[in-house]
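This is entry38.pdb. It holds PDB, C-alpha atoms and all ligand atoms.
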ATOM      1  CA  MET A   9      82.916 127.492 102.839  1.00  0.00           C
ATOM      2  CA  GLY A  10      85.982 129.645 103.422  1.00  0.00           C
ATOM      3  CA  LYS A  11      89.128 128.840 101.485  1.00  0.00           C
ATOM      4  CA  ASP A  12      92.181 128.175 103.645  1.00  0.00           C
ATOM      5  CA  VAL A  13      95.822 127.109 103.556  1.00  0.00           C
ATOM      6  CA  ILE A  14      96.674 123.993 105.606  1.00  0.00           C
ATOM      7  CA  ILE A  15     100.327 123.514 106.628  1.00  0.00           C
ATOM      8  CA  ALA A  16     101.448 119.848 106.644  1.00  0.00           C
ATOM      9  CA  LEU A  17     103.371 119.372 109.907  1.00  0.00           C
ATOM     10  CA  ASP A  18     105.569 116.579 108.561  1.00  0.00           C
ATOM     11  CA  PHE A  19     107.942 116.446 111.544  1.00  0.00           C
ATOM     12  CA  ASP A  20     109.074 113.403 113.536  1.00  0.00           C
ATOM     13  CA  SER A  21     108.990 114.914 117.021  1.00  0.00           C
ATOM     14  CA  ARG A  22     106.999 117.171 119.328  1.00  0.00           C
ATOM     15  CA  GLU A  23     110.033 119.430 119.831  1.00  0.00           C
ATOM     16  CA  LYS A  24     110.574 120.139 116.115  1.00  0.00           C
ATOM     17  CA  THR A  25     106.857 120.703 115.621  1.00  0.00           C
ATOM     18  CA  LEU A  26     106.464 123.161 118.477  1.00  0.00           C
ATOM     19  CA  ALA A  27     109.670 125.007 117.516  1.00  0.00           C
ATOM     20  CA  PHE A  28     108.151 125.452 114.053  1.00  0.00           C
ATOM     21  CA  LEU A  29     104.773 126.611 115.386  1.00  0.00           C
ATOM     22  CA  ASP A  30     106.470 129.032 117.808  1.00  0.00           C
ATOM     23  CA  ARG A  31     107.573 131.078 114.794  1.00  0.00           C
ATOM     24  CA  PHE A  32     103.938 132.031 114.180  1.00  0.00           C
ATOM     25  CA  GLN A  33     103.236 134.856 116.600  1.00  0.00           C
ATOM     26  CA  GLU A  34     100.522 136.730 114.736  1.00  0.00           C
ATOM     27  CA  GLU A  35      98.473 134.001 113.048  1.00  0.00           C
ATOM     28  CA  LYS A  36      97.219 130.520 113.931  1.00  0.00           C
ATOM     29  CA  PRO A  37      97.490 128.482 110.731  1.00  0.00           C
ATOM     30  CA  PHE A  38      95.230 125.486 110.017  1.00  0.00           C
ATOM     31  CA  VAL A  39      97.620 122.501 110.284  1.00  0.00           C
ATOM     32  CA  LYS A  40      97.707 118.887 109.135  1.00  0.00           C
ATOM     33  CA  ILE A  41      98.961 116.130 111.445  1.00  0.00           C
ATOM     34  CA  GLY A  42      99.811 113.026 109.440  1.00  0.00           C
ATOM     35  CA  MET A  43     101.000 109.542 110.349  1.00  0.00           C
ATOM     36  CA  GLU A  44     104.606 110.599 111.016  1.00  0.00           C
ATOM     37  CA  LEU A  45     103.823 113.149 113.728  1.00  0.00           C
ATOM     38  CA  TYR A  46     100.834 111.226 115.121  1.00  0.00           C
ATOM     39  CA  TYR A  47     102.871 108.056 115.567  1.00  0.00           C
ATOM     40  CA  ALA A  48     105.653 110.100 117.183  1.00  0.00           C
ATOM     41  CA  GLY A  49     103.514 112.295 119.450  1.00  0.00           C
ATOM     42  CA  GLY A  50     100.221 110.422 119.820  1.00  0.00           C
ATOM     43  CA  PRO A  51      96.940 111.985 120.936  1.00  0.00           C
ATOM     44  CA  ALA A  52      98.884 114.286 123.308  1.00  0.00           C
ATOM     45  CA  ILE A  53     100.435 116.268 120.446  1.00  0.00           C
ATOM     46  CA  VAL A  54      96.993 116.684 118.863  1.00  0.00           C
ATOM     47  CA  ARG A  55      95.580 118.063 122.117  1.00  0.00           C
ATOM     48  CA  GLU A  56      98.572 120.332 122.637  1.00  0.00           C
ATOM     49  CA  ILE A  57      98.337 121.874 119.167  1.00  0.00           C
ATOM     50  CA  LYS A  58      94.565 122.251 119.522  1.00  0.00           C
ATOM     51  CA  ALA A  59      95.034 123.991 122.879  1.00  0.00           C
ATOM     52  CA  ARG A  60      97.341 126.480 121.127  1.00  0.00           C
ATOM     53  CA  GLY A  61      94.370 127.496 119.023  1.00  0.00           C
ATOM     54  CA  HIS A  62      95.070 125.794 115.672  1.00  0.00           C
ATOM     55  CA  LYS A  63      92.484 124.065 113.510  1.00  0.00           C
ATOM     56  CA  ILE A  64      93.624 120.488 112.820  1.00  0.00           C
ATOM     57  CA  PHE A  65      93.270 118.122 109.862  1.00  0.00           C
ATOM     58  CA  LEU A  66      94.148 114.660 111.261  1.00  0.00           C
ATOM     59  CA  ASP A  67      95.397 112.808 108.182  1.00  0.00           C
ATOM     60  CA  LEU A  68      95.453 109.142 109.250  1.00  0.00           C
ATOM     61  CA  LYS A  69      93.726 107.665 106.157  1.00  0.00           C
ATOM     62  CA  LEU A  70      91.728 104.933 107.909  1.00  0.00           C
ATOM     63  CA  HIS A  71      90.939 101.729 105.972  1.00  0.00           C
ATOM     64  CA  ASP A  72      89.578  98.637 107.781  1.00  0.00           C
ATOM     65  CA  ILE A  73      86.286  96.777 108.288  1.00  0.00           C
ATOM     66  CA  PRO A  74      83.339  99.127 108.918  1.00  0.00           C
ATOM     67  CA  ASN A  75      82.956  98.312 112.621  1.00  0.00           C
ATOM     68  CA  THR A  76      86.639  98.922 113.377  1.00  0.00           C
ATOM     69  CA  VAL A  77      86.671 102.227 111.467  1.00  0.00           C
ATOM     70  CA  LYS A  78      83.462 103.338 113.195  1.00  0.00           C
ATOM     71  CA  LYS A  79      84.980 102.741 116.639  1.00  0.00           C
ATOM     72  CA  ALA A  80      88.298 104.332 115.728  1.00  0.00           C
ATOM     73  CA  MET A  81      86.514 107.404 114.353  1.00  0.00           C
ATOM     74  CA  SER A  82      84.529 107.682 117.553  1.00  0.00           C
ATOM     75  CA  VAL A  83      87.811 107.908 119.512  1.00  0.00           C
ATOM     76  CA  LEU A  84      89.279 110.426 117.044  1.00  0.00           C
ATOM     77  CA  SER A  85      86.214 112.635 117.258  1.00  0.00           C
ATOM     78  CA  GLY A  86      86.908 112.937 121.001  1.00  0.00           C
ATOM     79  CA  LEU A  87      90.219 114.626 120.084  1.00  0.00           C
ATOM     80  CA  ASP A  88      88.222 117.586 118.805  1.00  0.00           C
ATOM     81  CA  VAL A  89      89.943 117.822 115.420  1.00  0.00           C
ATOM     82  CA  ASP A  90      88.335 119.828 112.618  1.00  0.00           C
ATOM     83  CA  MET A  91      88.873 117.423 109.737  1.00  0.00           C
ATOM     84  CA  THR A  92      89.932 113.793 109.304  1.00  0.00           C
ATOM     85  CA  ASN A  93      90.007 111.215 106.520  1.00  0.00           C
ATOM     86  CA  LEU A  94      89.816 107.621 105.261  1.00  0.00           C
ATOM     87  CA  HIS A  95      90.310 105.622 102.058  1.00  0.00           C
ATOM     88  CA  ALA A  96      87.261 105.528  99.776  1.00  0.00           C
ATOM     89  CA  ALA A  97      88.501 102.072  98.705  1.00  0.00           C
ATOM     90  CA  GLY A  98      87.154 100.797 102.051  1.00  0.00           C
ATOM     91  CA  THR A  99      83.662 100.902 100.438  1.00  0.00           C
ATOM     92  CA  LYS A 100      80.525 102.948 100.980  1.00  0.00           C
ATOM     93  CA  ALA A 101      79.572 100.798 104.004  1.00  0.00           C
ATOM     94  CA  MET A 102      82.889 101.678 105.655  1.00  0.00           C
ATOM     95  CA  MET A 103      82.437 105.399 104.912  1.00  0.00           C
ATOM     96  CA  GLU A 104      78.899 105.392 106.335  1.00  0.00           C
ATOM     97  CA  ALA A 105      80.095 103.589 109.459  1.00  0.00           C
ATOM     98  CA  ALA A 106      82.923 106.136 109.800  1.00  0.00           C
ATOM     99  CA  LEU A 107      80.470 109.036 109.694  1.00  0.00           C
ATOM    100  CA  GLU A 108      78.353 107.395 112.345  1.00  0.00           C
ATOM    101  CA  GLY A 109      81.346 106.860 114.609  1.00  0.00           C
ATOM    102  CA  LEU A 110      82.591 110.388 114.086  1.00  0.00           C
ATOM    103  CA  THR A 111      79.301 112.057 115.034  1.00  0.00           C
ATOM    104  CA  ARG A 112      79.322 113.218 118.658  1.00  0.00           C
ATOM    105  CA  PRO A 113      76.308 112.809 120.957  1.00  0.00           C
ATOM    106  CA  ASP A 114      75.430 116.496 120.358  1.00  0.00           C
ATOM    107  CA  GLY A 115      75.274 115.913 116.588  1.00  0.00           C
ATOM    108  CA  THR A 116      78.484 117.807 115.737  1.00  0.00           C
ATOM    109  CA  ARG A 117      81.443 116.136 114.025  1.00  0.00           C
ATOM    110  CA  PRO A 118      84.741 116.919 112.274  1.00  0.00           C
ATOM    111  CA  LEU A 119      84.660 117.187 108.469  1.00  0.00           C
ATOM    112  CA  LEU A 120      85.266 113.783 106.856  1.00  0.00           C
ATOM    113  CA  ILE A 121      87.254 113.639 103.623  1.00  0.00           C
ATOM    114  CA  ALA A 122      88.027 110.613 101.426  1.00  0.00           C
ATOM    115  CA  VAL A 123      91.287 109.721  99.719  1.00  0.00           C
ATOM    116  CA  THR A 124      90.433 108.426  96.225  1.00  0.00           C
ATOM    117  CA  GLN A 125      93.457 106.963  94.447  1.00  0.00           C
ATOM    118  CA  LEU A 126      96.724 108.173  95.976  1.00  0.00           C
ATOM    119  CA  THR A 127      98.588 110.542  93.661  1.00  0.00           C
ATOM    120  CA  SER A 128     101.544 108.146  93.883  1.00  0.00           C
ATOM    121  CA  THR A 129      99.494 105.462  92.051  1.00  0.00           C
ATOM    122  CA  SER A 130      99.891 105.422  88.265  1.00  0.00           C
ATOM    123  CA  GLN A 131      97.496 103.950  85.705  1.00  0.00           C
ATOM    124  CA  GLU A 132      99.937 101.095  85.142  1.00  0.00           C
ATOM    125  CA  ARG A 133     100.294 100.211  88.850  1.00  0.00           C
ATOM    126  CA  MET A 134      96.528 100.433  89.351  1.00  0.00           C
ATOM    127  CA  GLU A 135      95.944  97.987  86.486  1.00  0.00           C
ATOM    128  CA  GLU A 136      98.720  95.546  87.331  1.00  0.00           C
ATOM    129  CA  ASP A 137      98.782  95.634  91.134  1.00  0.00           C
ATOM    130  CA  LEU A 138      95.136  96.396  91.903  1.00  0.00           C
ATOM    131  CA  LEU A 139      93.506  94.866  88.791  1.00  0.00           C
ATOM    132  CA  ILE A 140      91.457  98.047  88.263  1.00  0.00           C
ATOM    133  CA  ARG A 141      91.237  98.498  84.506  1.00  0.00           C
ATOM    134  CA  GLU A 142      89.255 101.755  84.117  1.00  0.00           C
ATOM    135  CA  PRO A 143      91.015 105.063  83.349  1.00  0.00           C
ATOM    136  CA  LEU A 144      92.488 106.598  86.535  1.00  0.00           C
ATOM    137  CA  ASP A 145      90.495 109.841  86.261  1.00  0.00           C
ATOM    138  CA  GLN A 146      87.248 107.858  86.033  1.00  0.00           C
ATOM    139  CA  VAL A 147      88.223 105.779  89.058  1.00  0.00           C
ATOM    140  CA  VAL A 148      88.929 108.987  91.017  1.00  0.00           C
ATOM    141  CA  MET A 149      85.531 110.418  90.005  1.00  0.00           C
ATOM    142  CA  HIS A 150      83.722 107.175  90.840  1.00  0.00           C
ATOM    143  CA  TYR A 151      85.313 107.084  94.321  1.00  0.00           C
ATOM    144  CA  ALA A 152      84.422 110.772  94.802  1.00  0.00           C
ATOM    145  CA  ARG A 153      80.767 110.098  93.898  1.00  0.00           C
ATOM    146  CA  CYS A 154      80.710 107.110  96.306  1.00  0.00           C
ATOM    147  CA  ALA A 155      82.098 109.345  99.057  1.00  0.00           C
ATOM    148  CA  ALA A 156      79.466 111.999  98.322  1.00  0.00           C
ATOM    149  CA  GLY A 157      76.768 109.302  98.265  1.00  0.00           C
ATOM    150  CA  ALA A 158      77.911 108.069 101.667  1.00  0.00           C
ATOM    151  CA  GLY A 159      77.464 111.591 103.022  1.00  0.00           C
ATOM    152  CA  LEU A 160      81.131 112.597 103.289  1.00  0.00           C
ATOM    153  CA  ASP A 161      82.170 116.236 102.990  1.00  0.00           C
ATOM    154  CA  GLY A 162      84.786 116.004 100.246  1.00  0.00           C
ATOM    155  CA  VAL A 163      87.914 114.375  98.863  1.00  0.00           C
ATOM    156  CA  VAL A 164      91.657 114.817  98.811  1.00  0.00           C
ATOM    157  CA  CYS A 165      92.623 115.289  95.180  1.00  0.00           C
ATOM    158  CA  SER A 166      94.963 117.110  92.832  1.00  0.00           C
ATOM    159  CA  PRO A 167      94.052 120.772  92.230  1.00  0.00           C
ATOM    160  CA  LEU A 168      93.867 119.738  88.576  1.00  0.00           C
ATOM    161  CA  GLU A 169      90.888 117.490  89.443  1.00  0.00           C
ATOM    162  CA  ALA A 170      89.065 120.012  91.660  1.00  0.00           C
ATOM    163  CA  GLY A 171      86.813 121.387  88.910  1.00  0.00           C
ATOM    164  CA  LYS A 172      85.718 117.955  87.751  1.00  0.00           C
ATOM    165  CA  VAL A 173      84.992 116.832  91.312  1.00  0.00           C
ATOM    166  CA  HIS A 174      82.836 119.916  91.897  1.00  0.00           C
ATOM    167  CA  GLN A 175      81.004 119.287  88.621  1.00  0.00           C
ATOM    168  CA  GLY A 176      80.289 115.655  89.508  1.00  0.00           C
ATOM    169  CA  CYS A 177      79.612 115.978  93.241  1.00  0.00           C
ATOM    170  CA  GLY A 178      78.422 119.567  93.725  1.00  0.00           C
ATOM    171  CA  GLU A 179      80.086 122.902  94.445  1.00  0.00           C
ATOM    172  CA  GLY A 180      79.717 122.371  98.193  1.00  0.00           C
ATOM    173  CA  PHE A 181      81.662 119.082  98.091  1.00  0.00           C
ATOM    174  CA  LEU A 182      85.122 120.005  99.384  1.00  0.00           C
ATOM    175  CA  THR A 183      88.360 119.553  97.478  1.00  0.00           C
ATOM    176  CA  VAL A 184      91.444 119.397  99.675  1.00  0.00           C
ATOM    177  CA  THR A 185      94.477 119.582  97.446  1.00  0.00           C
ATOM    178  CA  PRO A 186      98.181 118.862  98.087  1.00  0.00           C
ATOM    179  CA  GLY A 187     100.871 119.188  95.407  1.00  0.00           C
ATOM    180  CA  VAL A 188     101.256 122.958  95.707  1.00  0.00           C
ATOM    181  CA  ARG A 189     104.486 124.762  94.846  1.00  0.00           C
ATOM    182  CA  PHE A 190     105.510 128.376  94.295  1.00  0.00           C
ATOM    183  CA  ALA A 191     106.221 129.245  90.675  1.00  0.00           C
ATOM    184  CA  ASP A 192     109.885 129.891  91.602  1.00  0.00           C
ATOM    185  CA  GLY A 193     110.248 126.972  94.075  1.00  0.00           C
ATOM    186  CA  ASP A 194     111.509 123.364  94.170  1.00  0.00           C
ATOM    187  CA  VAL A 195     109.066 120.672  93.021  1.00  0.00           C
ATOM    188  CA  GLY A 196     110.671 117.874  95.144  1.00  0.00           C
ATOM    189  CA  ASP A 197     109.009 114.460  94.658  1.00  0.00           C
ATOM    190  CA  GLN A 198     105.578 115.856  93.712  1.00  0.00           C
ATOM    191  CA  VAL A 199     104.752 115.302  90.060  1.00  0.00           C
ATOM    192  CA  ARG A 200     101.575 117.173  89.167  1.00  0.00           C
ATOM    193  CA  VAL A 201     101.982 120.525  90.898  1.00  0.00           C
ATOM    194  CA  THR A 202     100.273 123.904  90.755  1.00  0.00           C
ATOM    195  CA  THR A 203     100.873 127.258  92.428  1.00  0.00           C
ATOM    196  CA  PRO A 204      98.549 128.538  95.184  1.00  0.00           C
ATOM    197  CA  ALA A 205      97.153 131.111  92.726  1.00  0.00           C
ATOM    198  CA  LYS A 206      96.438 128.419  90.120  1.00  0.00           C
ATOM    199  CA  ALA A 207      94.816 126.169  92.765  1.00  0.00           C
ATOM    200  CA  ARG A 208      92.489 129.063  93.604  1.00  0.00           C
ATOM    201  CA  GLU A 209      91.632 129.516  89.931  1.00  0.00           C
ATOM    202  CA  LEU A 210      90.913 125.769  89.603  1.00  0.00           C
ATOM    203  CA  GLY A 211      88.461 125.873  92.519  1.00  0.00           C
ATOM    204  CA  SER A 212      90.334 124.101  95.358  1.00  0.00           C
ATOM    205  CA  ASP A 213      88.720 124.702  98.736  1.00  0.00           C
ATOM    206  CA  TYR A 214      91.795 123.973 100.852  1.00  0.00           C
ATOM    207  CA  ILE A 215      95.424 123.669  99.769  1.00  0.00           C
ATOM    208  CA  VAL A 216      97.785 121.477 101.784  1.00  0.00           C
ATOM    209  CA  VAL A 217     101.315 122.861 101.729  1.00  0.00           C
ATOM    210  CA  GLY A 218     104.268 121.103 103.341  1.00  0.00           C
ATOM    211  CA  ARG A 219     107.873 121.684 102.369  1.00  0.00           C
ATOM    212  CA  PRO A 220     107.405 125.035 100.588  1.00  0.00           C
ATOM    213  CA  VAL A 221     106.545 126.405 104.063  1.00  0.00           C
ATOM    214  CA  THR A 222     108.237 124.030 106.558  1.00  0.00           C
ATOM    215  CA  GLN A 223     111.602 124.078 104.749  1.00  0.00           C
ATOM    216  CA  ALA A 224     111.541 127.766 103.816  1.00  0.00           C
ATOM    217  CA  GLU A 225     114.179 130.071 105.209  1.00  0.00           C
ATOM    218  CA  ASP A 226     111.338 132.233 106.524  1.00  0.00           C
ATOM    219  CA  PRO A 227     108.322 129.920 107.047  1.00  0.00           C
ATOM    220  CA  VAL A 228     106.036 132.718 108.222  1.00  0.00           C
ATOM    221  CA  ALA A 229     106.721 134.744 105.066  1.00  0.00           C
ATOM    222  CA  ALA A 230     106.198 131.625 102.907  1.00  0.00           C
ATOM    223  CA  TYR A 231     102.888 130.909 104.663  1.00  0.00           C
ATOM    224  CA  ARG A 232     101.744 134.497 104.180  1.00  0.00           C
ATOM    225  CA  ARG A 233     102.652 134.298 100.518  1.00  0.00           C
ATOM    226  CA  CYS A 234     100.483 131.136 100.171  1.00  0.00           C
ATOM    227  CA  VAL A 235      97.547 132.817 101.900  1.00  0.00           C
ATOM    228  CA  LYS A 236      97.887 135.935  99.781  1.00  0.00           C
ATOM    229  CA  GLU A 237      97.964 133.948  96.523  1.00  0.00           C
ATOM    230  CA  PHE A 238      95.255 131.441  97.483  1.00  0.00           C
ATOM    231  CA  VAL A 239      92.809 133.334  99.674  1.00  0.00           C
ATOM    232  CA  GLY A 240      93.548 136.836  98.396  1.00  0.00           C
TER     233      GLY A 240
HETATM  234  O1  LIG B 301     105.814 118.820 101.278  1.00  0.00           O
HETATM  235  P1  LIG B 301     104.572 118.731 100.431  1.00  0.00           P
HETATM  236  O2  LIG B 301     103.953 120.089 100.120  1.00  0.00           O
HETATM  237  O3  LIG B 301     104.757 117.882  99.203  1.00  0.00           O
HETATM  238  O4  LIG B 301     103.527 117.988 101.392  1.00  0.00           O
HETATM  239  C1  LIG B 301     102.264 117.579 100.946  1.00  0.00           C
HETATM  240  C2  LIG B 301     101.540 116.870 102.051  1.00  0.00           C
HETATM  241  O5  LIG B 301     100.330 116.357 101.539  1.00  0.00           O
HETATM  242  C3  LIG B 301     102.291 115.683 102.661  1.00  0.00           C
HETATM  243  O6  LIG B 301     101.933 115.607 104.038  1.00  0.00           O
HETATM  244  C4  LIG B 301     101.750 114.505 101.900  1.00  0.00           C
HETATM  245  O7  LIG B 301     101.774 113.314 102.650  1.00  0.00           O
HETATM  246  C5  LIG B 301     100.299 114.942 101.660  1.00  0.00           C
HETATM  247  N1  LIG B 301      99.646 114.296 100.517  1.00  0.00           N
HETATM  248  C6  LIG B 301     100.107 114.400  99.218  1.00  0.00           C
HETATM  249  N2  LIG B 301      99.433 113.794  98.189  1.00  0.00           N
HETATM  250  C7  LIG B 301      98.323 113.068  98.437  1.00  0.00           C
HETATM  251  C8  LIG B 301      97.849 112.964  99.743  1.00  0.00           C
HETATM  252  C9  LIG B 301      98.540 113.592 100.775  1.00  0.00           C
HETATM  253  O8  LIG B 301     101.105 115.059  98.975  1.00  0.00           O
HETATM  254  N3  LIG B 301      97.668 112.520  97.427  1.00  0.00           N
END
What is this structure when it is put down as structure tokens?
Ligand code: C5P
Amino acid sequence: MGKDVIIALDFDSREKTLAFLDRFQEEKPFVKIGMELYYAGGPAIVREIKARGHKIFLDLKLHDIPNTVKKAMSVLSGLDVDMTNLHAAGTKAMMEAALEGLTRPDGTRPLLIAVTQLTSTSQERMEEDLLIREPLDQVVMHYARCAAGAGLDGVVCSPLEAGKVHQGCGEGFLTVTPGVRFADGDVGDQVRVTTPAKARELGSDYIVVGRPVTQAEDPVAAYRRCVKEFVG
């Protein structure tokens, strides 16, 4: 599996997104479309970016009853994205149904990745709000093993957890890791951050980078710096 840098297109309009992508004349970065852009631009923006030649991670984090997720995934797979995701908390039955829905008649499908516990959830909030009393890292690993057991391709996690996830679920089980910052850059609201070079060392398969590229004075140079540090 080739390592790659995924740019998070966290924009609220088609215009801003395309103006950003227009800066990239020589390369076609792998991009992530999350809820903000999807709710603003709908399926049309996904098709438009795909037609420009980008690989797409559609980050909509589905979580509903198995039948609903299966049908929704079937529609998303028609958008021809390369990767999409759901919440492992929806249970193994939901993840299995999602895989079924995502698989096209010809047997191909986008990669399916699970969110374990969001990185914004602390041990305290998990215990008090969700009544989950196990240590957070064990909950993350348990959800990752459930996702692997359901046949999913990997999880979204912190680069700091990538090694453990590979140990528990296999080297081929993908780790897609946000929370990446340059050593000399702003951390913003991310708490547990690593540099692209460190993420590579820790075994991440894909890094998701938003503001360090989208808000950079020269986004193309910032993207190239990420690729150089992470992919080599
Ligand atoms: O701007 P920044 O590099 O922090 O963007 C990271 C991206 O990864 C955002 O789109 C954010 O929603 C997403 N993400 C995250 N942490 C998670 C899951 C997704 O930062 N646990």
Next item on the list: Return as a ChimeraX atom specification the set of residues that the PyMOL selection byres (((chain A and resi 104) around 10) and not hetatm) yields on the displayed structure.
Entry: /A:74,77-78,99-103,105-110,155,157-160
Next item on the list: Compute the set of protein, DNA and RNA residues whose minimum atom distance to ligand LIG 301 (chain B) is at most 10 Å, using all atoms listed in the file, and state it as a ChimeraX atom specification.
Entry: /A:14-19,40-44,67,69,123-129,164-166,184-189,195-201,215-223
Margin query: Show me, as number ranges by chain, the residues that have an atom within 12 Å of Ala59 in chain A when counting only C-alpha atoms, minus same-chain residues fewer than 5 positions from it.
Written below: A: 36, 52-54, 64, 87-89
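The spacing separating CA of Pro113 in chain A from CA of His95 in chain A amounts to 24.6 Å.
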Item checked: Polymer residues at most 8 Å from Leu168 in chain A, only C-alpha atoms, same-chain spacing of 3 or more positions, as number ranges by chain -> A: 171, 202, 207, 210
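CA of Ser21 in chain A to CA of Glu34 in chain A spans 23.5 Å [interatomic distance, one decimal].
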Next item on the list: Please write the residues picked by the PyMOL selection byres (((chain A and resi 35) around 12) and not hetatm) on this file as number ranges by chain.
Entry: A: 29-34, 36-39, 60-63, 228-229, 231-232, 235
Checklist line | 10 Å contact set for Thr203 in chain A, all atoms listed in the file, chain neighbours under 5 positions out, as a ChimeraX atom specification | finding: /A:167,187-193,208-209,215,234,237-238
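Nearest to Ser85 in chain A of all the residues A:Val173, A:Met149, A:Met134, A:Leu119 is A:Leu119, based on only C-alpha atoms.
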Check: Which residue, A:Ala224, A:Leu182, A:Ala205, A:Val148, has the smallest gap to Ala97 in chain A when you use all atoms listed in the file?
Finding: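 Among A:Ala224, A:Leu182, A:Ala205, A:Val148, it is A:Val148 that comes nearest to Ala97 in chain A.
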Margin query: What's around Asp20 in chain A at 8 Å? Count only C-alpha atoms, leave out sequence neighbours fewer than 3 positions away in its own chain, and write the answer as an MDAnalysis selection string.
Written below: chainID A and resid 24:25 44:45 48
Next item on the list: For CA of Pro227 in chain A and CA of Asp194 in chain A, quote the distance in Å rounded to one decimal.
Entry: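 So the two atoms, CA of Pro227 in chain A and CA of Asp194 in chain A, lie 14.8 Å apart.
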Note to self: Using only C-alpha atoms, list the residues that have an atom at most 6 Å from (85.5, 118.4, 98.2), coordinates as in the file, as a PyMOL selection string.
What the structure shows: chain A and resi 162-163+181-183
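The closest residue to Arg153 in chain A, picked from A:Leu84, A:Leu66, A:Val13, A:Cys177 and counting all atoms listed in the file, is A:Cys177.
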Nearby residues (all atoms listed in the file) at most 6 Å from Leu120 in chain A, same-chain spacing under 3 positions excluded, as an mmCIF file with C-alpha atoms, in the frame of the given file:
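Contents of part20.cif, freshly written:
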data_model
loop_
_atom_site.group_PDB
_atom_site.id
_atom_site.type_symbol
_atom_site.label_atom_id
_atom_site.label_comp_id
_atom_site.auth_asym_id
_atom_site.auth_seq_id
_atom_site.Cartn_x
_atom_site.Cartn_y
_atom_site.Cartn_z
ATOM 1 C CA MET A 91 88.873 117.423 109.737
ATOM 2 C CA THR A 92 89.932 113.793 109.304
ATOM 3 C CA ASN A 93 90.007 111.215 106.520
ATOM 4 C CA LEU A 160 81.131 112.597 103.289
ATOM 5 C CA ASP A 161 82.170 116.236 102.990
#
Just add N, CA, C and O atoms to range 136-147 of chain A and send it as a PDB file, keeping the file's coordinate frame.
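Final file, part-v7.pdb:
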ATOM      1  N   GLU A 136      97.968  96.782  87.070  1.00  0.00           N
ATOM      2  CA  GLU A 136      98.720  95.546  87.331  1.00  0.00           C
ATOM      3  C   GLU A 136      98.649  95.100  88.777  1.00  0.00           C
ATOM      4  O   GLU A 136      98.492  93.912  89.057  1.00  0.00           O
ATOM      5  N   ASP A 137      98.752  96.031  89.721  1.00  0.00           N
ATOM      6  CA  ASP A 137      98.782  95.634  91.134  1.00  0.00           C
ATOM      7  C   ASP A 137      97.380  95.512  91.729  1.00  0.00           C
ATOM      8  O   ASP A 137      97.141  94.676  92.591  1.00  0.00           O
ATOM      9  N   LEU A 138      96.472  96.378  91.289  1.00  0.00           N
ATOM     10  CA  LEU A 138      95.136  96.396  91.903  1.00  0.00           C
ATOM     11  C   LEU A 138      94.067  95.765  91.009  1.00  0.00           C
ATOM     12  O   LEU A 138      92.931  95.599  91.434  1.00  0.00           O
ATOM     13  N   LEU A 139      94.423  95.451  89.769  1.00  0.00           N
ATOM     14  CA  LEU A 139      93.506  94.866  88.791  1.00  0.00           C
ATOM     15  C   LEU A 139      92.288  95.770  88.548  1.00  0.00           C
ATOM     16  O   LEU A 139      91.174  95.294  88.350  1.00  0.00           O
ATOM     17  N   ILE A 140      92.508  97.088  88.606  1.00  0.00           N
ATOM     18  CA  ILE A 140      91.457  98.047  88.263  1.00  0.00           C
ATOM     19  C   ILE A 140      91.787  98.543  86.859  1.00  0.00           C
ATOM     20  O   ILE A 140      92.839  99.149  86.640  1.00  0.00           O
ATOM     21  N   ARG A 141      90.878  98.281  85.902  1.00  0.00           N
ATOM     22  CA  ARG A 141      91.237  98.498  84.506  1.00  0.00           C
ATOM     23  C   ARG A 141      90.655  99.773  83.893  1.00  0.00           C
ATOM     24  O   ARG A 141      90.884 100.065  82.731  1.00  0.00           O
ATOM     25  N   GLU A 142      89.857 100.512  84.650  1.00  0.00           N
ATOM     26  CA  GLU A 142      89.255 101.755  84.117  1.00  0.00           C
ATOM     27  C   GLU A 142      90.310 102.867  84.114  1.00  0.00           C
ATOM     28  O   GLU A 142      91.290 102.799  84.853  1.00  0.00           O
ATOM     29  N   PRO A 143      90.082 103.932  83.319  1.00  0.00           N
ATOM     30  CA  PRO A 143      91.015 105.063  83.349  1.00  0.00           C
ATOM     31  C   PRO A 143      91.060 105.688  84.751  1.00  0.00           C
ATOM     32  O   PRO A 143      90.023 105.812  85.417  1.00  0.00           O
ATOM     33  N   LEU A 144      92.265 106.071  85.177  1.00  0.00           N
ATOM     34  CA  LEU A 144      92.488 106.598  86.535  1.00  0.00           C
ATOM     35  C   LEU A 144      91.550 107.753  86.878  1.00  0.00           C
ATOM     36  O   LEU A 144      90.984 107.798  87.980  1.00  0.00           O
ATOM     37  N   ASP A 145      91.347 108.688  85.928  1.00  0.00           N
ATOM     38  CA  ASP A 145      90.495 109.841  86.261  1.00  0.00           C
ATOM     39  C   ASP A 145      89.047 109.414  86.502  1.00  0.00           C
ATOM     40  O   ASP A 145      88.347 109.981  87.332  1.00  0.00           O
ATOM     41  N   GLN A 146      88.616 108.342  85.792  1.00  0.00           N
ATOM     42  CA  GLN A 146      87.248 107.858  86.033  1.00  0.00           C
ATOM     43  C   GLN A 146      87.141 107.133  87.370  1.00  0.00           C
ATOM     44  O   GLN A 146      86.101 107.185  88.031  1.00  0.00           O
ATOM     45  N   VAL A 147      88.215 106.458  87.756  1.00  0.00           N
ATOM     46  CA  VAL A 147      88.223 105.779  89.058  1.00  0.00           C
ATOM     47  C   VAL A 147      88.148 106.827  90.166  1.00  0.00           C
ATOM     48  O   VAL A 147      87.364 106.696  91.116  1.00  0.00           O
TER      49      VAL A 147
END
